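Structure file start-v2.pdb (PDB, C-alpha atoms) follows.
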```pdb
ATOM      1  CA  MET A   5     104.039  61.794 141.611
ATOM      2  CA  ASN A   6     103.184  61.142 137.979
ATOM      3  CA  ARG A   7      99.503  61.576 138.752
ATOM      4  CA  ASN A   8     100.158  65.002 140.310
ATOM      5  CA  ILE A   9     102.124  66.072 137.255
ATOM      6  CA  CYS A  10      99.279  64.997 134.980
ATOM      7  CA  VAL A  11      96.749  66.898 137.078
ATOM      8  CA  ARG A  12      98.893  70.047 136.900
ATOM      9  CA  CYS A  13      99.199  69.625 133.091
ATOM     10  CA  ILE A  14      95.442  69.293 132.733
ATOM     11  CA  LEU A  15      94.814  72.352 134.896
ATOM     12  CA  SER A  16      97.352  74.378 132.916
ATOM     13  CA  LEU A  17      95.685  73.346 129.673
ATOM     14  CA  VAL A  18      92.253  74.307 130.971
ATOM     15  CA  VAL A  19      93.534  77.741 132.037
ATOM     16  CA  ALA A  20      95.212  78.308 128.654
ATOM     17  CA  LEU A  21      92.113  77.314 126.709
ATOM     18  CA  SER A  22      89.931  79.514 128.887
ATOM     19  CA  ALA A  23      92.192  82.488 128.297
ATOM     20  CA  SER A  24      92.284  81.957 124.554
ATOM     21  CA  ALA A  25      88.571  81.288 124.131
ATOM     22  CA  PRO A  26      87.496  84.965 123.995
ATOM     23  CA  MET A  27      90.220  85.748 121.409
ATOM     24  CA  LEU A  28      89.227  82.719 119.327
ATOM     25  CA  ALA A  29      85.548  83.649 119.407
ATOM     26  CA  TRP A  30      86.402  87.273 118.547
ATOM     27  CA  SER A  31      88.514  86.200 115.581
ATOM     28  CA  GLN A  32      85.855  83.821 114.279
ATOM     29  CA  SER A  33      83.208  86.570 114.353
ATOM     30  CA  TYR A  34      85.444  89.055 112.522
ATOM     31  CA  PRO A  35      84.519  91.521 111.140
ATOM     32  CA  THR A  36      81.856  93.132 113.300
ATOM     33  CA  LYS A  37      82.508  96.772 112.355
ATOM     34  CA  PRO A  38      83.826  98.815 109.384
ATOM     35  CA  ILE A  39      87.344  98.131 108.113
ATOM     36  CA  ARG A  40      89.678 101.072 107.534
ATOM     37  CA  ILE A  41      92.281 100.845 104.789
ATOM     38  CA  ILE A  42      95.145 103.342 104.972
ATOM     39  CA  LEU A  43      96.399 104.577 101.602
ATOM     40  CA  PRO A  44      99.735 106.436 101.866
ATOM     41  CA  VAL A  45      98.941 108.540  98.784
ATOM     42  CA  PRO A  46      96.570 111.403  97.916
ATOM     43  CA  PRO A  47      93.064 110.621  96.608
ATOM     44  CA  GLY A  48      92.531 109.956  92.927
ATOM     45  CA  GLY A  49      95.466 107.701  92.100
ATOM     46  CA  ALA A  50      95.807 104.149  90.878
ATOM     47  CA  ILE A  51      95.724 102.666  94.393
ATOM     48  CA  ASP A  52      92.238 104.097  94.949
ATOM     49  CA  GLN A  53      90.941 102.035  92.037
ATOM     50  CA  ILE A  54      92.058  98.807  93.678
ATOM     51  CA  VAL A  55      90.172  99.548  96.904
ATOM     52  CA  GLN A  56      87.156 100.742  94.923
ATOM     53  CA  GLN A  57      87.000  97.341  93.244
ATOM     54  CA  ILE A  58      87.795  95.140  96.252
ATOM     55  CA  GLY A  59      85.924  97.093  98.944
ATOM     56  CA  PRO A  60      82.395  96.371  97.680
ATOM     57  CA  LYS A  61      83.230  92.671  97.396
ATOM     58  CA  LEU A  62      84.275  92.577 101.053
ATOM     59  CA  THR A  63      81.182  94.514 102.072
ATOM     60  CA  GLN A  64      79.011  92.060 100.155
ATOM     61  CA  ALA A  65      80.727  89.086 101.807
ATOM     62  CA  TRP A  66      80.826  90.427 105.369
ATOM     63  CA  GLY A  67      78.204  93.164 105.548
ATOM     64  CA  GLN A  68      80.734  95.719 106.789
ATOM     65  CA  GLN A  69      81.848  98.946 105.149
ATOM     66  CA  VAL A  70      85.375  99.359 103.825
ATOM     67  CA  LEU A  71      86.616 102.919 104.315
ATOM     68  CA  MET A  72      89.551 104.581 102.556
ATOM     69  CA  ASP A  73      91.826 106.710 104.754
ATOM     70  CA  HIS A  74      94.327 108.727 102.693
ATOM     71  CA  ARG A  75      97.467 109.653 104.633
ATOM     72  CA  ALA A  76      99.881 111.062 102.083
ATOM     73  CA  GLY A  77     103.219 112.756 102.621
ATOM     74  CA  ALA A  78     106.941 112.224 103.226
ATOM     75  CA  ALA A  79     107.353 109.810 100.318
ATOM     76  CA  GLN A  80     104.457 107.685 101.657
ATOM     77  CA  MET A  81     106.190 107.300 105.017
ATOM     78  CA  ILE A  82     103.476 109.107 107.005
ATOM     79  CA  GLY A  83     100.781 106.621 106.043
ATOM     80  CA  THR A  84     103.127 103.648 106.268
ATOM     81  CA  GLN A  85     104.264 104.504 109.778
ATOM     82  CA  LEU A  86     100.671 105.100 110.875
ATOM     83  CA  ALA A  87      99.672 101.672 109.565
ATOM     84  CA  ALA A  88     102.644  99.991 111.243
ATOM     85  CA  ARG A  89     101.569 101.414 114.608
ATOM     86  CA  ALA A  90      97.845 100.709 114.215
ATOM     87  CA  ALA A  91      96.024  98.269 116.476
ATOM     88  CA  PRO A  92      96.599  94.719 115.164
ATOM     89  CA  ASP A  93      92.926  93.782 115.285
ATOM     90  CA  GLY A  94      92.122  93.411 111.577
ATOM     91  CA  TYR A  95      90.194  96.668 111.417
ATOM     92  CA  THR A  96      93.100  98.702 110.020
ATOM     93  CA  LEU A  97      94.671  97.446 106.815
ATOM     94  CA  PHE A  98      97.323  99.056 104.634
ATOM     95  CA  MET A  99      97.782  99.372 100.889
ATOM     96  CA  CYS A 100     101.457  98.477 100.906
ATOM     97  CA  ASN A 101     103.370  98.968  97.686
ATOM     98  CA  SER A 102     106.795  99.038  96.101
ATOM     99  CA  GLY A 103     107.348 102.740  96.892
ATOM    100  CA  PRO A 104     107.450 102.764 100.704
ATOM    101  CA  PHE A 105     108.637  99.159 100.959
ATOM    102  CA  SER A 106     111.219  98.570  98.233
ATOM    103  CA  GLY A 107     112.011 102.137  97.146
ATOM    104  CA  ASN A 108     112.229 103.996 100.439
ATOM    105  CA  VAL A 109     114.168 101.295 102.243
ATOM    106  CA  ALA A 110     116.744 101.290  99.446
ATOM    107  CA  LEU A 111     116.914 105.060  99.059
ATOM    108  CA  TYR A 112     116.701 106.569 102.533
ATOM    109  CA  PRO A 113     119.375 106.081 105.240
ATOM    110  CA  SER A 114     116.590 105.183 107.671
ATOM    111  CA  VAL A 115     112.802 104.863 107.603
ATOM    112  CA  PRO A 116     110.425 104.790 110.604
ATOM    113  CA  TYR A 117     109.181 101.265 109.900
ATOM    114  CA  ASP A 118     110.400  97.843 108.836
ATOM    115  CA  PRO A 119     108.432  96.345 105.908
ATOM    116  CA  VAL A 120     109.166  92.801 107.067
ATOM    117  CA  LYS A 121     108.958  93.071 110.864
ATOM    118  CA  ASP A 122     106.171  95.654 111.200
ATOM    119  CA  PHE A 123     103.672  94.210 108.727
ATOM    120  CA  ALA A 124     101.824  90.972 108.064
ATOM    121  CA  ALA A 125     101.441  90.213 104.370
ATOM    122  CA  ILE A 126      97.912  89.464 103.135
ATOM    123  CA  THR A 127      98.246  89.355  99.347
ATOM    124  CA  VAL A 128      99.667  91.275  96.428
ATOM    125  CA  ALA A 129      96.767  92.819  94.531
ATOM    126  CA  VAL A 130      98.288  94.034  91.258
ATOM    127  CA  THR A 131     101.541  94.530  89.434
ATOM    128  CA  TYR A 132     102.087  97.051  86.701
ATOM    129  CA  PRO A 133     104.875  98.675  84.720
ATOM    130  CA  ASN A 134     105.322 102.375  84.196
ATOM    131  CA  VAL A 135     105.102 104.052  80.820
ATOM    132  CA  LEU A 136     107.503 106.766  79.685
ATOM    133  CA  VAL A 137     105.431 109.772  78.633
ATOM    134  CA  VAL A 138     106.405 113.285  77.549
ATOM    135  CA  HIS A 139     104.551 116.553  77.095
ATOM    136  CA  PRO A 140     103.709 117.328  73.423
ATOM    137  CA  SER A 141     106.001 120.360  73.560
ATOM    138  CA  VAL A 142     109.013 118.050  73.856
ATOM    139  CA  PRO A 143     110.237 117.596  70.245
ATOM    140  CA  VAL A 144     110.669 113.816  70.344
ATOM    141  CA  ASN A 145     108.630 110.820  69.220
ATOM    142  CA  THR A 146     110.920 107.918  70.094
ATOM    143  CA  LEU A 147     113.105 106.808  72.975
ATOM    144  CA  GLN A 148     116.264 107.408  70.974
ATOM    145  CA  GLU A 149     115.175 110.956  70.170
ATOM    146  CA  LEU A 150     114.569 111.620  73.867
ATOM    147  CA  ILE A 151     118.021 110.296  74.727
ATOM    148  CA  ALA A 152     119.599 112.534  72.078
ATOM    149  CA  LEU A 153     117.684 115.588  73.340
ATOM    150  CA  ALA A 154     118.588 114.876  76.980
ATOM    151  CA  LYS A 155     122.265 114.569  76.029
ATOM    152  CA  ALA A 156     122.097 117.864  74.158
ATOM    153  CA  ARG A 157     120.397 119.594  77.123
ATOM    154  CA  PRO A 158     121.938 118.112  80.297
ATOM    155  CA  GLY A 159     119.894 118.967  83.381
ATOM    156  CA  GLN A 160     117.344 120.999  81.399
ATOM    157  CA  LEU A 161     114.668 118.310  81.089
ATOM    158  CA  ASN A 162     112.655 117.700  84.265
ATOM    159  CA  PHE A 163     111.132 114.334  85.045
ATOM    160  CA  ALA A 164     108.272 114.105  87.538
ATOM    161  CA  SER A 165     107.686 111.289  90.005
ATOM    162  CA  ALA A 166     104.946 110.333  92.437
ATOM    163  CA  SER A 167     107.494 110.750  95.253
ATOM    164  CA  SER A 168     111.126 110.116  96.039
ATOM    165  CA  GLY A 169     111.625 106.357  96.208
ATOM    166  CA  SER A 170     108.571 105.556  94.085
ATOM    167  CA  SER A 171     108.773 103.337  91.019
ATOM    168  CA  SER A 172     108.419 106.442  88.845
ATOM    169  CA  HIS A 173     111.473 107.955  90.546
ATOM    170  CA  ILE A 174     113.584 104.803  90.346
ATOM    171  CA  SER A 175     112.569 104.340  86.695
ATOM    172  CA  GLY A 176     113.748 107.848  85.839
ATOM    173  CA  GLU A 177     117.048 107.481  87.661
ATOM    174  CA  LEU A 178     117.713 104.102  86.049
ATOM    175  CA  PHE A 179     116.994 105.725  82.688
ATOM    176  CA  ASN A 180     119.542 108.453  83.480
ATOM    177  CA  LEU A 181     122.129 105.797  84.287
ATOM    178  CA  MET A 182     121.549 103.454  81.362
ATOM    179  CA  ALA A 183     121.075 106.203  78.758
ATOM    180  CA  GLY A 184     124.015 108.254  80.012
ATOM    181  CA  VAL A 185     121.905 111.389  80.455
ATOM    182  CA  LYS A 186     120.984 113.760  83.268
ATOM    183  CA  MET A 187     117.330 114.697  83.621
ATOM    184  CA  THR A 188     116.377 116.593  86.785
ATOM    185  CA  HIS A 189     114.099 114.812  89.264
ATOM    186  CA  VAL A 190     110.984 116.677  90.484
ATOM    187  CA  PRO A 191     109.176 114.684  93.220
ATOM    188  CA  TYR A 192     105.479 115.203  93.959
ATOM    189  CA  LYS A 193     103.124 114.118  96.712
ATOM    190  CA  GLY A 194     101.344 111.528  94.624
ATOM    191  CA  ASN A 195     101.086 110.303  91.051
ATOM    192  CA  SER A 196      97.958 112.298  90.169
ATOM    193  CA  LEU A 197      99.581 115.602  91.137
ATOM    194  CA  ALA A 198     102.622 114.795  89.013
ATOM    195  CA  VAL A 199     100.455 113.854  86.025
ATOM    196  CA  THR A 200      98.503 117.103  86.355
ATOM    197  CA  ASP A 201     101.682 119.162  86.095
ATOM    198  CA  LEU A 202     102.980 116.998  83.253
ATOM    199  CA  VAL A 203      99.812 117.565  81.226
ATOM    200  CA  GLY A 204     100.045 121.265  82.062
ATOM    201  CA  GLY A 205     103.630 121.463  80.827
ATOM    202  CA  GLN A 206     105.238 122.343  84.178
ATOM    203  CA  VAL A 207     107.432 119.251  83.765
ATOM    204  CA  GLN A 208     108.402 117.553  80.529
ATOM    205  CA  VAL A 209     108.893 113.844  81.236
ATOM    206  CA  MET A 210     107.470 111.179  83.544
ATOM    207  CA  PHE A 211     107.493 107.447  84.149
ATOM    208  CA  SER A 212     103.890 106.939  85.265
ATOM    209  CA  ASN A 213     101.461 104.119  85.948
ATOM    210  CA  ILE A 214      99.635 103.648  82.678
ATOM    211  CA  GLY A 215      96.114 104.048  84.070
ATOM    212  CA  PRO A 216      96.271 107.748  85.044
ATOM    213  CA  VAL A 217      97.947 108.809  81.782
ATOM    214  CA  LEU A 218      96.090 106.575  79.308
ATOM    215  CA  PRO A 219      93.261 109.098  78.657
ATOM    216  CA  PHE A 220      95.835 111.806  77.929
ATOM    217  CA  ILE A 221      97.749 109.501  75.587
ATOM    218  CA  LYS A 222      94.556 108.729  73.681
ATOM    219  CA  SER A 223      93.622 112.409  73.448
ATOM    220  CA  GLY A 224      97.088 113.450  72.277
ATOM    221  CA  ARG A 225      97.833 115.545  75.353
ATOM    222  CA  LEU A 226     100.775 113.260  76.173
ATOM    223  CA  LYS A 227     103.115 111.195  73.992
ATOM    224  CA  VAL A 228     104.114 107.690  75.058
ATOM    225  CA  LEU A 229     107.593 106.399  74.211
ATOM    226  CA  GLY A 230     107.882 103.063  75.992
ATOM    227  CA  VAL A 231     106.932 100.718  78.814
ATOM    228  CA  THR A 232     109.259  99.679  81.664
ATOM    229  CA  SER A 233     108.426  95.951  81.728
ATOM    230  CA  ALA A 234     110.645  93.331  80.114
ATOM    231  CA  GLN A 235     107.800  92.314  77.794
ATOM    232  CA  ARG A 236     105.139  94.447  76.185
ATOM    233  CA  PHE A 237     102.210  95.163  78.475
ATOM    234  CA  SER A 238      99.253  93.009  77.396
ATOM    235  CA  PRO A 239      96.548  95.684  77.897
ATOM    236  CA  ALA A 240      98.534  98.009  75.580
ATOM    237  CA  PRO A 241     100.675  95.774  73.317
ATOM    238  CA  GLU A 242     101.255  98.588  70.816
ATOM    239  CA  ILE A 243     103.624 100.354  73.244
ATOM    240  CA  PRO A 244     107.215  99.142  72.763
ATOM    241  CA  THR A 245     109.368  98.276  75.750
ATOM    242  CA  ILE A 246     112.207 100.571  76.679
ATOM    243  CA  ALA A 247     114.489  97.542  76.517
ATOM    244  CA  GLU A 248     113.640  96.822  72.878
ATOM    245  CA  SER A 249     113.794 100.527  71.994
ATOM    246  CA  GLY A 250     117.462 100.922  72.794
ATOM    247  CA  LEU A 251     118.175 100.181  76.461
ATOM    248  CA  PRO A 252     118.514  96.376  76.726
ATOM    249  CA  GLY A 253     117.931  95.065  80.236
ATOM    250  CA  PHE A 254     115.841  98.020  81.391
ATOM    251  CA  GLU A 255     113.041  96.781  83.661
ATOM    252  CA  ILE A 256     111.107  98.241  86.596
ATOM    253  CA  ILE A 257     107.812  96.765  87.833
ATOM    254  CA  ALA A 258     105.661  98.282  90.569
ATOM    255  CA  TRP A 259     103.189  96.443  92.787
ATOM    256  CA  VAL A 260     100.406  97.174  95.287
ATOM    257  CA  GLY A 261      99.072  94.809  97.923
ATOM    258  CA  PHE A 262      97.210  94.431 101.198
ATOM    259  CA  CYS A 263      99.055  94.285 104.516
ATOM    260  CA  ALA A 264      98.114  94.513 108.193
ATOM    261  CA  PRO A 265     100.012  95.389 111.385
ATOM    262  CA  ALA A 266     102.403  92.575 112.259
ATOM    263  CA  ALA A 267     100.633  91.206 115.352
ATOM    264  CA  THR A 268      97.240  90.795 113.635
ATOM    265  CA  PRO A 269      95.895  87.302 114.522
ATOM    266  CA  ARG A 270      96.778  84.700 111.955
ATOM    267  CA  ASP A 271      93.218  83.475 111.435
ATOM    268  CA  ILE A 272      92.142  87.032 110.581
ATOM    269  CA  ILE A 273      94.985  87.327 108.066
ATOM    270  CA  THR A 274      93.861  84.031 106.537
ATOM    271  CA  LYS A 275      90.249  85.198 106.371
ATOM    272  CA  LEU A 276      91.313  88.456 104.688
ATOM    273  CA  ASN A 277      93.513  86.627 102.210
ATOM    274  CA  THR A 278      90.731  84.224 101.262
ATOM    275  CA  GLU A 279      88.165  86.952 100.590
ATOM    276  CA  ILE A 280      90.514  89.441  98.894
ATOM    277  CA  VAL A 281      91.953  86.753  96.610
ATOM    278  CA  ARG A 282      88.409  85.658  95.765
ATOM    279  CA  ALA A 283      87.608  89.258  94.803
ATOM    280  CA  LEU A 284      90.794  89.628  92.743
ATOM    281  CA  ARG A 285      89.854  86.522  90.758
ATOM    282  CA  SER A 286      86.397  87.866  89.911
ATOM    283  CA  PRO A 287      86.136  88.510  86.145
ATOM    284  CA  ASP A 288      84.625  91.971  86.679
ATOM    285  CA  VAL A 289      87.435  93.029  89.013
ATOM    286  CA  GLN A 290      90.106  91.664  86.682
ATOM    287  CA  LYS A 291      88.616  93.538  83.729
ATOM    288  CA  ALA A 292      88.285  96.805  85.629
ATOM    289  CA  LEU A 293      91.863  96.674  86.875
ATOM    290  CA  ARG A 294      93.240  95.653  83.478
ATOM    291  CA  ASP A 295      91.369  98.573  81.929
ATOM    292  CA  ALA A 296      93.118 100.758  84.505
ATOM    293  CA  GLY A 297      96.502  99.394  83.428
ATOM    294  CA  ALA A 298      97.083  96.784  86.125
ATOM    295  CA  GLU A 299      97.505  93.011  86.158
ATOM    296  CA  THR A 300      95.946  91.197  89.121
ATOM    297  CA  ALA A 301      98.462  89.083  91.034
ATOM    298  CA  PRO A 302      96.776  87.286  93.974
ATOM    299  CA  MET A 303      99.141  85.328  96.238
ATOM    300  CA  THR A 304      99.216  83.351  99.437
ATOM    301  CA  THR A 305     100.603  85.181 102.450
ATOM    302  CA  GLU A 306     103.752  83.069 102.246
ATOM    303  CA  GLN A 307     104.218  83.920  98.573
ATOM    304  CA  MET A 308     103.799  87.614  99.309
ATOM    305  CA  ASP A 309     106.369  87.443 102.121
ATOM    306  CA  ALA A 310     108.919  85.987  99.711
ATOM    307  CA  PHE A 311     107.916  88.390  96.943
ATOM    308  CA  ILE A 312     108.457  91.453  99.155
ATOM    309  CA  LYS A 313     111.903  90.318 100.273
ATOM    310  CA  THR A 314     112.988  89.580  96.700
ATOM    311  CA  ASP A 315     111.648  92.911  95.465
ATOM    312  CA  MET A 316     113.392  94.852  98.230
ATOM    313  CA  ALA A 317     116.709  93.224  97.341
ATOM    314  CA  LYS A 318     116.235  94.010  93.635
ATOM    315  CA  TRP A 319     115.458  97.681  94.192
ATOM    316  CA  ALA A 320     118.402  97.999  96.590
ATOM    317  CA  ARG A 321     120.678  96.763  93.800
ATOM    318  CA  VAL A 322     119.200  99.283  91.348
ATOM    319  CA  VAL A 323     119.700 102.188  93.789
ATOM    320  CA  LYS A 324     123.266 101.111  94.477
ATOM    321  CA  ASP A 325     124.228 100.476  90.852
ATOM    322  CA  ALA A 326     122.655 103.738  89.682
ATOM    323  CA  ASN A 327     124.196 105.627  92.624
ATOM    324  CA  ILE A 328     120.818 107.255  93.238
ATOM    325  CA  LYS A 329     120.909 110.062  95.786
ATOM    326  CA  LEU A 330     118.101 112.054  97.343
ATOM    327  CA  ASP A 331     117.485 115.466  95.817
TER
END
```

Produce structure tokens that represent the structure in this file.
Amino acid sequence: MNRNICVRCILSLVVALSASAPMLAWSQSYPTKPIRIILPVPPGGAIDQIVQQIGPKLTQAWGQQVLMDHRAGAAQMIGTQLAARAAPDGYTLFMCNSGPFSGNVALYPSVPYDPVKDFAAITVAVTYPNVLVVHPSVPVNTLQELIALAKARPGQLNFASASSGSSSHISGELFNLMAGVKMTHVPYKGNSLAVTDLVGGQVQVMFSNIGPVLPFIKSGRLKVLGVTSAQRFSPAPEIPTIAESGLPGFEIIAWVGFCAPAATPRDIITKLNTEIVRALRSPDVQKALRDAGAETAPMTTEQMDAFIKTDMAKWARVVKDANIKLD
């Protein structure tokens, strides 16, 4: 009797190993074709720069192209949903970020994806604060002067954002709450489009990633009033924090990372994490991203899982406390 049981166990094990062998061999040979990375934003923004730095490193390591696929719209939900439903084979990755994960989930009654259940974390790539910038036509040079002007003109100042639920949107709404003012939110389909209208004077105020607006700050086409991090941003230490300029406790940090569809094989996720983290730690990549206003923040997959959950809870508290509503 015992012998028969053992024979059945051995046969079952042989069958299981035989079935898993093709999958194991396929995973070990990964990648054998180009890798597509979905970006839920229009071309030309800060997220592009991350892929432009990491992509060539992956191509050099694996000999496969890395292709950017921009799928903007609906507050980044179009691209995010597409990535969530993609084949979990390691050939479709997603540039996940605080907007569609932390912002949208906190702001919208429902979203067509679950950041935790529908995605496998690979690593956070960068974190960065926003900077508060205004068009030169706005007669202010300090945070306190902006607050005074906004109080004198309730609803008349417009602040742009990359999209509803983005860090630029949440930053502006938190500013409204903590400063006791009412600026009008104008959402765009991407950070670059919002910056273009800000520089053109169609909107007056914006909380933007520092990279896209830094050239305009240097040229005098925009004025910078503060940074949204708790401490001064090391690549631009001359910019005061909003907290130290009159709104103690003000802090919003955005992040961008690499994710994959949830059922992607674990060994592929591990392989991606190893190579992407290696690239993020390269001195040339770190310099390029710092010059663009970002701080590299490579993590293990487990660390990123915890980071996402903590960040989602934090943004949910901000949305609730600020009573932020969709426009």

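If you measure from each of A:Val120, A:Leu147, A:Val70, A:Ala258 to Ser172 of chain A using all atoms listed in the file, the closest one turns out to be A:Ala258.
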
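Residue membership of the PyMOL selection byres ((chain A and resi 240) around 10) in the shown file amounts to Ile214, Leu218, Val231, Arg236, Phe237, Ser238, Pro239, Pro241, Glu242, Ile243, Pro244, Arg294, Asp295 and Gly297 of chain A.
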
Write the residues of the preceding selection, restricted to C-alpha atoms, as a compact mmCIF listing (two decimals), in the frame of the given file.
```
# COMPACT_ATOMS: atom_id res chain seq x y z
CA ILE A 214 99.64 103.65 82.68
CA LEU A 218 96.09 106.58 79.31
CA VAL A 231 106.93 100.72 78.81
CA ARG A 236 105.14 94.45 76.18
CA PHE A 237 102.21 95.16 78.47
CA SER A 238 99.25 93.01 77.40
CA PRO A 239 96.55 95.68 77.90
CA PRO A 241 100.68 95.77 73.32
CA GLU A 242 101.26 98.59 70.82
CA ILE A 243 103.62 100.35 73.24
CA PRO A 244 107.22 99.14 72.76
CA ARG A 294 93.24 95.65 83.48
CA ASP A 295 91.37 98.57 81.93
CA GLY A 297 96.50 99.39 83.43
```

Subject >> Explicit residue set for the PyMOL selection byres ((chain A and resi 309) around 9), as a PyMOL selection string >> reply: chain A and resi 120+124-127+304-308+310-314

Subject >> Residues returned when the PyMOL selection byres ((chain A and resi 35) around 9) runs on this file, as a PyMOL selection string >> reply: chain A and resi 30-34+36-39+66-68+94-95+272

Skipping near chain neighbours, those fewer than 4 positions away, what residues fall within 8 Å of segment 259-267 of chain A using only C-alpha atoms, listed as a compact mmCIF listing (two decimals) with C-alpha atoms, in the frame of the given file?
```
# COMPACT_ATOMS: atom_id res chain seq x y z
CA ILE A 51 95.72 102.67 94.39
CA ALA A 87 99.67 101.67 109.56
CA ALA A 88 102.64 99.99 111.24
CA ARG A 89 101.57 101.41 114.61
CA ALA A 90 97.84 100.71 114.22
CA ALA A 91 96.02 98.27 116.48
CA PRO A 92 96.60 94.72 115.16
CA GLY A 94 92.12 93.41 111.58
CA THR A 96 93.10 98.70 110.02
CA LEU A 97 94.67 97.45 106.82
CA PHE A 98 97.32 99.06 104.63
CA MET A 99 97.78 99.37 100.89
CA CYS A 100 101.46 98.48 100.91
CA ASN A 101 103.37 98.97 97.69
CA SER A 102 106.80 99.04 96.10
CA LYS A 121 108.96 93.07 110.86
CA ASP A 122 106.17 95.65 111.20
CA PHE A 123 103.67 94.21 108.73
CA ALA A 124 101.82 90.97 108.06
CA ALA A 125 101.44 90.21 104.37
CA ILE A 126 97.91 89.46 103.14
CA THR A 127 98.25 89.36 99.35
CA VAL A 128 99.67 91.28 96.43
CA ALA A 129 96.77 92.82 94.53
CA VAL A 130 98.29 94.03 91.26
CA THR A 131 101.54 94.53 89.43
CA TYR A 132 102.09 97.05 86.70
CA ILE A 273 94.98 87.33 108.07
```

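The nearest approach to Gln64 of chain A among the residues A:Met81, A:Ile280, A:Glu299, A:Gln148, with only C-alpha atoms taken into account, belongs to A:Ile280.
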
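When all atoms listed in the file are used to measure the gap to Ser286 of chain A, the shortest distance among A:Thr274, A:Gln56, A:Gln235, A:Thr300 belongs to A:Thr300.
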
**OP:** Excluding segment 177-182 of chain A and residues on its chain fewer than 6 positions from it, collect all residues at most 7 Å away from it, counting only C-alpha atoms, and give them as a list in words.
**Re:**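 My list of contacting residues is Leu251, Ala326 and Ile328 of chain A.
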